[in-house]
$ cat query.cif   # mmCIF, C-alpha atoms
data_start
loop_
_atom_site.group_PDB
_atom_site.id
_atom_site.type_symbol
_atom_site.label_atom_id
_atom_site.label_comp_id
_atom_site.auth_asym_id
_atom_site.auth_seq_id
_atom_site.Cartn_x
_atom_site.Cartn_y
_atom_site.Cartn_z
ATOM 1 C CA MET D 1 19.891 59.925 67.141
ATOM 2 C CA SER D 2 22.879 62.169 67.239
ATOM 3 C CA LYS D 3 22.698 65.864 66.483
ATOM 4 C CA GLY D 4 24.580 65.379 63.205
ATOM 5 C CA ALA D 5 22.201 62.668 62.084
ATOM 6 C CA ARG D 6 19.208 64.878 62.833
ATOM 7 C CA ILE D 7 20.697 67.738 60.758
ATOM 8 C CA ALA D 8 21.366 65.370 57.876
ATOM 9 C CA THR D 9 17.800 64.102 58.073
ATOM 10 C CA TYR D 10 16.418 67.663 58.039
ATOM 11 C CA ILE D 11 18.540 68.536 55.006
ATOM 12 C CA PHE D 12 17.348 65.397 53.218
ATOM 13 C CA LEU D 13 13.718 66.246 53.923
ATOM 14 C CA ILE D 14 14.179 69.828 52.705
ATOM 15 C CA VAL D 15 15.778 68.599 49.470
ATOM 16 C CA VAL D 16 12.938 66.120 48.901
ATOM 17 C CA LEU D 17 10.359 68.827 49.583
ATOM 18 C CA GLY D 18 12.128 71.196 47.205
ATOM 19 C CA LEU D 19 12.149 68.575 44.468
ATOM 20 C CA ALA D 20 8.456 67.950 44.986
ATOM 21 C CA VAL D 21 7.751 71.656 44.605
ATOM 22 C CA VAL D 22 9.780 71.804 41.405
ATOM 23 C CA ILE D 23 8.193 68.678 39.955
ATOM 24 C CA TYR D 24 4.558 69.053 41.006
ATOM 25 C CA VAL D 25 3.797 72.569 42.177
ATOM 26 C CA LEU D 26 5.947 74.925 40.091
ATOM 27 C CA PRO D 27 4.548 73.899 36.658
ATOM 28 C CA SER D 28 1.001 74.531 37.891
ATOM 29 C CA VAL D 29 1.999 77.916 39.281
ATOM 30 C CA THR D 30 3.815 78.780 36.040
ATOM 31 C CA ASP D 31 0.755 77.859 33.978
ATOM 32 C CA PHE D 32 -1.409 79.892 36.336
ATOM 33 C CA LEU D 33 0.845 82.940 35.937
ATOM 34 C CA ALA D 34 1.235 82.538 32.151
ATOM 35 C CA GLU D 35 -0.282 85.492 30.298
ATOM 36 C CA THR D 36 -3.095 84.396 28.020
ATOM 37 C CA SER D 37 -5.738 85.980 25.823
ATOM 38 C CA ILE D 38 -9.053 84.945 24.312
ATOM 39 C CA ILE D 39 -9.358 84.770 20.534
ATOM 40 C CA GLU D 40 -12.141 86.963 19.172
ATOM 41 C CA TYR D 41 -13.453 88.018 15.790
ATOM 42 C CA GLY D 42 -12.256 91.338 14.435
ATOM 43 C CA GLN D 43 -11.118 93.330 11.419
ATOM 44 C CA LEU D 44 -7.674 94.227 10.137
ATOM 45 C CA GLN D 45 -7.399 97.180 7.798
ATOM 46 C CA ARG D 46 -4.069 98.437 6.496
ATOM 47 C CA THR D 47 -4.049 101.970 5.109
ATOM 48 C CA THR D 48 -1.621 104.504 3.723
ATOM 49 C CA GLU D 49 -2.271 108.210 4.189
ATOM 50 C CA THR D 50 -0.226 110.379 1.851
ATOM 51 C CA GLU D 51 -0.291 112.959 -0.913
ATOM 52 C CA ALA D 52 -0.709 111.480 -4.388
ATOM 53 C CA TRP D 53 -0.157 112.873 -7.870
ATOM 54 C CA PHE D 54 -2.559 112.372 -10.772
ATOM 55 C CA ILE D 55 -0.943 111.123 -13.965
ATOM 56 C CA ARG D 56 -2.896 111.275 -17.224
ATOM 57 C CA GLU D 57 -2.501 111.168 -20.967
ATOM 58 C CA GLU D 58 -3.098 114.853 -21.750
ATOM 59 C CA ARG D 59 -3.233 116.448 -25.178
ATOM 60 C CA THR D 60 -2.654 120.166 -24.863
ATOM 61 C CA ILE D 61 -4.339 122.263 -27.563
ATOM 62 C CA GLN D 62 -3.015 125.577 -28.857
ATOM 63 C CA ALA D 63 -5.026 128.176 -30.711
ATOM 64 C CA PRO D 64 -4.406 127.726 -34.462
ATOM 65 C CA ALA D 65 -4.535 131.495 -35.047
ATOM 66 C CA ALA D 66 -5.195 134.808 -33.322
ATOM 67 C CA GLY D 67 -8.754 136.014 -32.956
ATOM 68 C CA SER D 68 -11.981 135.292 -31.125
ATOM 69 C CA ALA D 69 -12.455 131.715 -29.960
ATOM 70 C CA GLN D 70 -15.692 129.754 -30.117
ATOM 71 C CA TYR D 71 -15.672 126.714 -27.789
ATOM 72 C CA TYR D 72 -18.066 123.800 -28.299
ATOM 73 C CA PHE D 73 -17.707 121.815 -25.065
ATOM 74 C CA GLU D 74 -17.953 122.555 -21.361
ATOM 75 C CA GLU D 75 -15.426 121.586 -18.687
ATOM 76 C CA GLY D 76 -15.471 117.832 -18.041
ATOM 77 C CA GLU D 77 -17.555 116.909 -21.096
ATOM 78 C CA ARG D 78 -16.570 113.785 -23.006
ATOM 79 C CA VAL D 79 -15.577 114.144 -26.646
ATOM 80 C CA ARG D 80 -14.911 111.665 -29.429
ATOM 81 C CA LYS D 81 -12.053 111.613 -31.886
ATOM 82 C CA GLY D 82 -12.777 114.122 -34.626
ATOM 83 C CA SER D 83 -15.092 116.267 -32.505
ATOM 84 C CA ARG D 84 -14.919 119.998 -33.304
ATOM 85 C CA LEU D 85 -13.464 121.589 -30.173
ATOM 86 C CA LEU D 86 -13.093 125.253 -31.142
ATOM 87 C CA GLU D 87 -13.091 127.724 -33.987
ATOM 88 C CA VAL D 88 -11.165 130.974 -34.246
ATOM 89 C CA PHE D 89 -12.516 133.990 -36.123
ATOM 90 C CA PRO D 90 -11.805 135.666 -38.452
ATOM 91 C CA GLY D 91 -10.477 132.963 -40.715
ATOM 92 C CA ASN D 92 -12.739 130.161 -39.532
ATOM 93 C CA TYR D 93 -9.781 128.179 -38.181
ATOM 94 C CA THR D 94 -11.112 124.902 -36.760
ATOM 95 C CA TYR D 95 -9.496 122.481 -34.324
ATOM 96 C CA LYS D 96 -10.791 118.926 -34.029
ATOM 97 C CA SER D 97 -9.989 116.421 -31.290
ATOM 98 C CA GLU D 98 -7.233 113.944 -32.140
ATOM 99 C CA GLY D 99 -8.670 111.400 -29.718
ATOM 100 C CA SER D 100 -11.462 110.771 -27.244
ATOM 101 C CA GLY D 101 -11.404 112.018 -23.675
ATOM 102 C CA LEU D 102 -12.566 114.692 -21.271
ATOM 103 C CA VAL D 103 -12.303 118.391 -22.068
ATOM 104 C CA SER D 104 -10.580 120.601 -19.524
ATOM 105 C CA TYR D 105 -9.773 124.284 -19.445
ATOM 106 C CA TRP D 106 -7.534 123.950 -16.398
ATOM 107 C CA MET D 107 -3.772 123.646 -16.867
ATOM 108 C CA ASP D 108 -0.854 123.597 -14.433
ATOM 109 C CA GLY D 109 2.301 123.231 -16.535
ATOM 110 C CA LEU D 110 2.913 119.570 -15.694
ATOM 111 C CA GLU D 111 0.992 118.243 -18.698
ATOM 112 C CA THR D 112 4.201 117.249 -20.488
ATOM 113 C CA THR D 113 6.372 116.760 -17.398
ATOM 114 C CA LEU D 114 4.325 114.297 -15.354
ATOM 115 C CA THR D 115 3.146 111.634 -17.786
ATOM 116 C CA PRO D 116 2.891 107.828 -18.001
ATOM 117 C CA GLU D 117 6.265 107.944 -19.780
ATOM 118 C CA THR D 118 8.001 109.930 -16.993
ATOM 119 C CA MET D 119 6.209 108.599 -13.898
ATOM 120 C CA LEU D 120 9.032 106.181 -13.021
ATOM 121 C CA THR D 121 11.800 108.738 -13.472
ATOM 122 C CA VAL D 122 10.425 112.074 -12.268
ATOM 123 C CA SER D 123 12.059 112.850 -8.922
ATOM 124 C CA ARG D 124 10.216 113.046 -5.655
ATOM 125 C CA GLU D 125 12.069 116.250 -4.789
ATOM 126 C CA TYR D 126 10.895 117.909 -8.010
ATOM 127 C CA LEU D 127 7.256 117.214 -7.270
ATOM 128 C CA GLU D 128 7.479 118.120 -3.592
ATOM 129 C CA ASP D 129 9.140 121.450 -4.499
ATOM 130 C CA TRP D 130 6.518 122.216 -7.151
ATOM 131 C CA LYS D 131 4.400 125.172 -6.089
ATOM 132 C CA GLY D 132 2.076 125.444 -9.065
ATOM 133 C CA SER D 133 -1.684 125.030 -9.236
ATOM 134 C CA PRO D 134 -4.260 124.664 -12.019
ATOM 135 C CA ILE D 135 -5.286 127.890 -13.746
ATOM 136 C CA GLN D 136 -8.200 128.641 -16.083
ATOM 137 C CA VAL D 137 -6.932 129.094 -19.663
ATOM 138 C CA GLN D 138 -10.232 129.450 -21.518
ATOM 139 C CA GLN D 139 -10.391 132.928 -23.106
ATOM 140 C CA GLU D 140 -12.589 134.532 -25.711
ATOM 141 C CA SER D 141 -9.655 136.336 -27.330
ATOM 142 C CA VAL D 142 -6.605 134.181 -28.133
ATOM 143 C CA THR D 143 -3.221 134.507 -29.792
ATOM 144 C CA ALA D 144 -1.673 132.014 -32.211
ATOM 145 C CA GLY D 145 -0.042 129.122 -30.355
ATOM 146 C CA GLN D 146 -1.633 129.998 -27.005
ATOM 147 C CA SER D 147 -2.665 126.979 -24.873
ATOM 148 C CA VAL D 148 -6.423 127.197 -24.596
ATOM 149 C CA MET D 149 -7.596 123.724 -23.516
ATOM 150 C CA LYS D 150 -6.672 120.056 -23.237
ATOM 151 C CA VAL D 151 -8.260 116.654 -23.787
ATOM 152 C CA VAL D 152 -7.587 114.103 -21.061
ATOM 153 C CA ASP D 153 -7.738 110.367 -21.701
ATOM 154 C CA SER D 154 -10.573 109.109 -19.491
ATOM 155 C CA ASP D 155 -10.100 105.390 -20.148
ATOM 156 C CA GLU D 156 -7.468 105.112 -17.425
ATOM 157 C CA TRP D 157 -5.432 107.302 -15.129
ATOM 158 C CA ARG D 158 -2.801 106.815 -12.441
ATOM 159 C CA LEU D 159 -1.769 107.958 -8.983
ATOM 160 C CA LEU D 160 1.860 108.320 -7.917
ATOM 161 C CA TYR D 161 3.132 108.516 -4.335
ATOM 162 C CA TRP D 162 5.880 107.246 -2.050
ATOM 163 C CA VAL D 163 5.851 104.948 1.018
ATOM 164 C CA THR D 164 8.409 103.782 3.580
ATOM 165 C CA ASP D 165 10.063 100.393 4.048
ATOM 166 C CA SER D 166 7.517 99.419 6.691
ATOM 167 C CA GLN D 167 4.561 100.544 4.562
ATOM 168 C CA VAL D 168 5.617 98.833 1.332
ATOM 169 C CA THR D 169 5.045 95.394 2.872
ATOM 170 C CA ALA D 170 1.309 96.053 2.426
ATOM 171 C CA TYR D 171 1.655 96.310 -1.362
ATOM 172 C CA ASN D 172 1.677 93.587 -4.004
ATOM 173 C CA LYS D 173 1.936 94.240 -7.711
ATOM 174 C CA GLY D 174 -1.365 93.531 -9.422
ATOM 175 C CA SER D 175 -3.426 93.611 -6.239
ATOM 176 C CA SER D 176 -6.577 95.698 -5.902
ATOM 177 C CA VAL D 177 -6.809 98.634 -3.479
ATOM 178 C CA THR D 178 -9.413 101.214 -2.543
ATOM 179 C CA VAL D 179 -8.472 104.880 -2.777
ATOM 180 C CA SER D 180 -10.367 107.412 -0.693
ATOM 181 C CA LEU D 181 -10.287 110.759 -2.503
ATOM 182 C CA PRO D 182 -11.892 114.052 -1.483
ATOM 183 C CA LEU D 183 -14.899 113.456 -3.758
ATOM 184 C CA GLY D 184 -15.359 109.727 -3.191
ATOM 185 C CA ASP D 185 -13.773 106.277 -3.267
ATOM 186 C CA VAL D 186 -12.444 104.460 -6.326
ATOM 187 C CA THR D 187 -10.823 101.075 -6.834
ATOM 188 C CA ALA D 188 -7.373 100.838 -8.391
ATOM 189 C CA THR D 189 -4.671 98.290 -9.175
ATOM 190 C CA VAL D 190 -1.075 98.395 -7.968
ATOM 191 C CA GLU D 191 0.772 98.835 -11.276
ATOM 192 C CA SER D 192 4.352 99.179 -10.052
ATOM 193 C CA ILE D 193 6.477 99.185 -6.897
ATOM 194 C CA THR D 194 9.933 100.729 -7.304
ATOM 195 C CA ASP D 195 12.720 100.980 -4.729
ATOM 196 C CA ASP D 196 13.983 104.570 -4.767
ATOM 197 C CA GLY D 197 16.405 103.911 -1.893
ATOM 198 C CA GLU D 198 16.738 105.514 1.552
ATOM 199 C CA ASP D 199 13.452 104.190 2.964
ATOM 200 C CA SER D 200 11.490 105.376 -0.081
ATOM 201 C CA TRP D 201 9.371 103.277 -2.437
ATOM 202 C CA ARG D 202 7.608 104.660 -5.514
ATOM 203 C CA ILE D 203 4.028 103.377 -5.842
ATOM 204 C CA VAL D 204 1.946 103.741 -9.015
ATOM 205 C CA LEU D 205 -1.750 102.855 -9.000
ATOM 206 C CA ARG D 206 -3.831 102.518 -12.158
ATOM 207 C CA SER D 207 -7.604 103.000 -12.365
ATOM 208 C CA ASN D 208 -10.255 103.087 -15.078
ATOM 209 C CA ARG D 209 -13.010 104.285 -12.746
ATOM 210 C CA TYR D 210 -14.620 107.651 -13.297
ATOM 211 C CA TYR D 211 -13.653 110.271 -10.761
ATOM 212 C CA GLU D 212 -15.123 113.746 -10.813
ATOM 213 C CA GLU D 213 -12.560 116.466 -11.582
ATOM 214 C CA MET D 214 -9.928 113.877 -12.445
ATOM 215 C CA GLN D 215 -9.083 115.929 -15.528
ATOM 216 C CA LYS D 216 -8.399 118.981 -13.365
ATOM 217 C CA LEU D 217 -6.731 117.808 -10.141
ATOM 218 C CA ARG D 218 -2.961 117.290 -9.963
ATOM 219 C CA ASN D 219 -2.186 116.390 -6.354
ATOM 220 C CA THR D 220 -4.401 115.672 -3.387
ATOM 221 C CA PRO D 221 -4.350 113.909 0.016
ATOM 222 C CA VAL D 222 -5.489 110.279 -0.241
ATOM 223 C CA THR D 223 -6.076 107.281 1.985
ATOM 224 C CA VAL D 224 -5.246 103.987 0.299
ATOM 225 C CA VAL D 225 -6.785 100.840 1.806
ATOM 226 C CA THR D 226 -4.409 98.023 0.861
ATOM 227 C CA SER D 227 -5.982 95.295 2.998
ATOM 228 C CA ASP D 228 -9.351 94.888 4.672
ATOM 229 C CA LYS D 229 -9.812 91.431 6.162
ATOM 230 C CA LYS D 230 -12.182 89.996 8.750
ATOM 231 C CA GLY D 231 -11.620 86.912 10.876
ATOM 232 C CA LEU D 232 -10.066 85.777 14.137
ATOM 233 C CA VAL D 233 -7.618 88.280 15.608
ATOM 234 C CA ILE D 234 -4.384 87.063 17.242
ATOM 235 C CA LYS D 235 -1.490 89.074 18.619
ATOM 236 C CA ASN D 236 1.697 88.383 16.682
ATOM 237 C CA SER D 237 3.512 87.777 19.974
ATOM 238 C CA ALA D 238 1.339 84.652 20.416
ATOM 239 C CA ILE D 239 2.392 83.141 17.091
ATOM 240 C CA THR D 240 5.284 80.683 17.012
ATOM 241 C CA THR D 241 6.498 77.692 15.009
ATOM 242 C CA LEU D 242 6.815 73.992 15.751
ATOM 243 C CA ASP D 243 8.419 71.544 13.326
ATOM 244 C CA GLY D 244 8.067 74.099 10.551
ATOM 245 C CA ASP D 245 4.370 74.785 11.176
ATOM 246 C CA VAL D 246 3.060 78.205 12.222
ATOM 247 C CA GLY D 247 0.664 78.152 15.141
ATOM 248 C CA VAL D 248 -0.301 79.063 18.680
ATOM 249 C CA TYR D 249 -0.592 77.231 21.994
ATOM 250 C CA VAL D 250 -4.224 76.660 22.963
ATOM 251 C CA LYS D 251 -5.361 75.782 26.477
ATOM 252 C CA GLN D 252 -7.013 72.363 26.709
ATOM 253 C CA VAL D 253 -9.750 71.095 29.075
ATOM 254 C CA ASN D 254 -7.131 69.582 31.385
ATOM 255 C CA GLY D 255 -5.327 72.926 31.657
ATOM 256 C CA ASP D 256 -2.386 72.003 29.435
ATOM 257 C CA PHE D 257 -1.397 74.107 26.424
ATOM 258 C CA GLU D 258 -1.088 72.327 23.092
ATOM 259 C CA PHE D 259 0.270 73.591 19.772
ATOM 260 C CA VAL D 260 -2.407 74.240 17.128
ATOM 261 C CA PRO D 261 -1.473 75.236 13.546
ATOM 262 C CA ILE D 262 -2.936 78.421 12.064
ATOM 263 C CA SER D 263 -3.281 80.043 8.652
ATOM 264 C CA VAL D 264 -2.425 83.772 8.647
ATOM 265 C CA LEU D 265 -4.663 85.717 6.243
ATOM 266 C CA GLY D 266 -3.148 89.152 6.875
ATOM 267 C CA THR D 267 -1.036 91.088 9.346
ATOM 268 C CA ASP D 268 -0.001 94.641 10.159
ATOM 269 C CA GLY D 269 3.078 93.612 12.117
ATOM 270 C CA ASN D 270 1.318 93.701 15.487
ATOM 271 C CA ILE D 271 -1.805 91.598 15.036
ATOM 272 C CA SER D 272 -2.874 89.013 12.475
ATOM 273 C CA ILE D 273 -6.151 87.789 11.014
ATOM 274 C CA VAL D 274 -6.249 83.976 10.882
ATOM 275 C CA ALA D 275 -8.601 81.345 9.488
ATOM 276 C CA ALA D 276 -11.251 79.899 11.818
ATOM 277 C CA GLY D 277 -12.150 76.246 12.337
ATOM 278 C CA SER D 278 -10.026 74.732 9.587
ATOM 279 C CA PHE D 279 -7.922 75.586 6.560
ATOM 280 C CA ASN D 280 -6.499 73.729 3.586
ATOM 281 C CA LYS D 281 -2.790 72.978 3.741
ATOM 282 C CA LYS D 282 -0.768 71.900 0.740
ATOM 283 C CA GLN D 283 0.968 68.551 1.198
ATOM 284 C CA PRO D 284 4.393 67.502 -0.137
ATOM 285 C CA ASP D 285 2.706 65.429 -2.866
ATOM 286 C CA GLY D 286 0.824 68.493 -4.152
ATOM 287 C CA THR D 287 -2.559 67.569 -2.676
ATOM 288 C CA THR D 288 -4.360 69.614 -0.021
ATOM 289 C CA LYS D 289 -5.508 68.500 3.395
ATOM 290 C CA ALA D 290 -8.002 70.089 5.777
ATOM 291 C CA VAL D 291 -6.251 71.065 9.009
ATOM 292 C CA THR D 292 -8.111 71.785 12.247
ATOM 293 C CA THR D 293 -7.204 75.177 13.629
ATOM 294 C CA VAL D 294 -8.269 77.697 16.258
ATOM 295 C CA SER D 295 -11.806 78.858 16.965
ATOM 296 C CA ALA D 296 -13.360 81.901 18.575
ATOM 297 C CA PHE D 297 -13.004 82.038 22.362
ATOM 298 C CA ASP D 298 -9.970 79.723 22.452
ATOM 299 C CA GLU D 299 -7.527 80.716 25.191
ATOM 300 C CA ILE D 300 -3.959 81.004 23.954
ATOM 301 C CA LEU D 301 -0.516 81.803 25.361
ATOM 302 C CA ASN D 302 0.600 85.343 24.571
ATOM 303 C CA GLN D 303 4.275 84.433 24.933
ATOM 304 C CA PRO D 304 4.634 80.805 23.818
ATOM 305 C CA PRO D 305 7.856 78.805 24.202
ATOM 306 C CA VAL D 306 10.303 78.844 21.295
ATOM 307 C CA LYS D 307 11.102 75.352 20.043
#

$ encode --input "query.cif" --output "structure tokens"
Amino acid sequence: MSKGARIATYIFLIVVLGLAVVIYVLPSVTDFLAETSIIEYGQLQRTTETEAWFIREERTIQAPAAGSAQYYFEEGERVRKGSRLLEVFPGNYTYKSEGSGLVSYWMDGLETTLTPETMLTVSREYLEDWKGSPIQVQQESVTAGQSVMKVVDSDEWRLLYWVTDSQVTAYNKGSSVTVSLPLGDVTATVESITDDGEDSWRIVLRSNRYYEEMQKLRNTPVTVVTSDKKGLVIKNSAITTLDGDVGVYVKQVNGDFEFVPISVLGTDGNISIVAAGSFNKKQPDGTTKAVTTVSAFDEILNQPPVK
């Protein structure tokens, strides 16, 4: 065999060997090097930490005349419509409650400025620049027209605060949330979500739960839990789509990765909570069908192919 023929033969063998590596060896090596993770149970809780403003129906009461005041209720006591709140002597001037609620002798000047009627229009800058604080107005000696107390509607109250574009995705009108306040937790409902522009969304929560000192507080730090779900935890980077279905690639017994549909129950943008075992999927004809999905300890691709 001539030298040229031997070189040609060597080249042919190298090409064949290279093709064999590409066809048989490289996929196995790629699968071996593919980054994977094991699905485990966990919890996903989305929270907002901010400063919130109490909004209440507040009826401010002025002394009907000058003189010595006799008060009939303590701070925080509940009164009914028509209850005698105070008398002023001499003259026996009497003031009765125009509605039911909680008595408070603390006032801050926002009683007529921050109300259910103004909560969607009062500016964020106005509230953030406000430097006031509640002061005690109960006095034994009063002048005519002096603010001496207020009655706060206790049937429901609201919280107002602002969130960013990324935070507002956790909110849905009408959904229930848990608010952690300095004196305890209460449940509330998302009443309104308003776009104030420039990465600012106005959130109003409504609650009918009793909260101590609600009639006195105006603004306070809060933590709002908007979502608290438990289930299988999957990194969002592992989630992809195939033929319109959302899912992940799960490693099979033979080492291959196959697409498995999932049902996302909640996400924070980085990880998601998904259903385990199976979930019901709505069909084009309106019926539902049970779909097999991922289970705990499944091994999945962290960076699946995009198809």

$ closest_residue --input "query.cif" --among "D:Met119, D:Val177, D:Ile239, D:Leu127" --to "Gly269 (chain D)" --atoms "all atoms listed in the file"
D:Ile239

$ atom_distance --input "query.cif" --atom1 "CA of Glu125 (chain D)" --atom2 "CA of Tyr105 (chain D)"
27.5 Å

$ residues_around --input "query.cif" --residues "Leu301 (chain D)" --least-positions-apart "5" --cutoff "10 Å" --atoms "only C-alpha atoms" --output "PyMOL selection string"
chain D and resi 31+34-38+235+237-239+248-251+257-259

$ resolve_selection --input "query.cif" --expression "the PyMOL selection byres ((chain D and resi 193-207) around 7)" --output "PyMOL selection string"
chain D and resi 156-165+168+173+187-192+208-209

$ atom_distance --input "query.cif" --atom1 "CA of Glu213 (chain D)" --atom2 "CA of Thr113 (chain D)"
19.8 Å
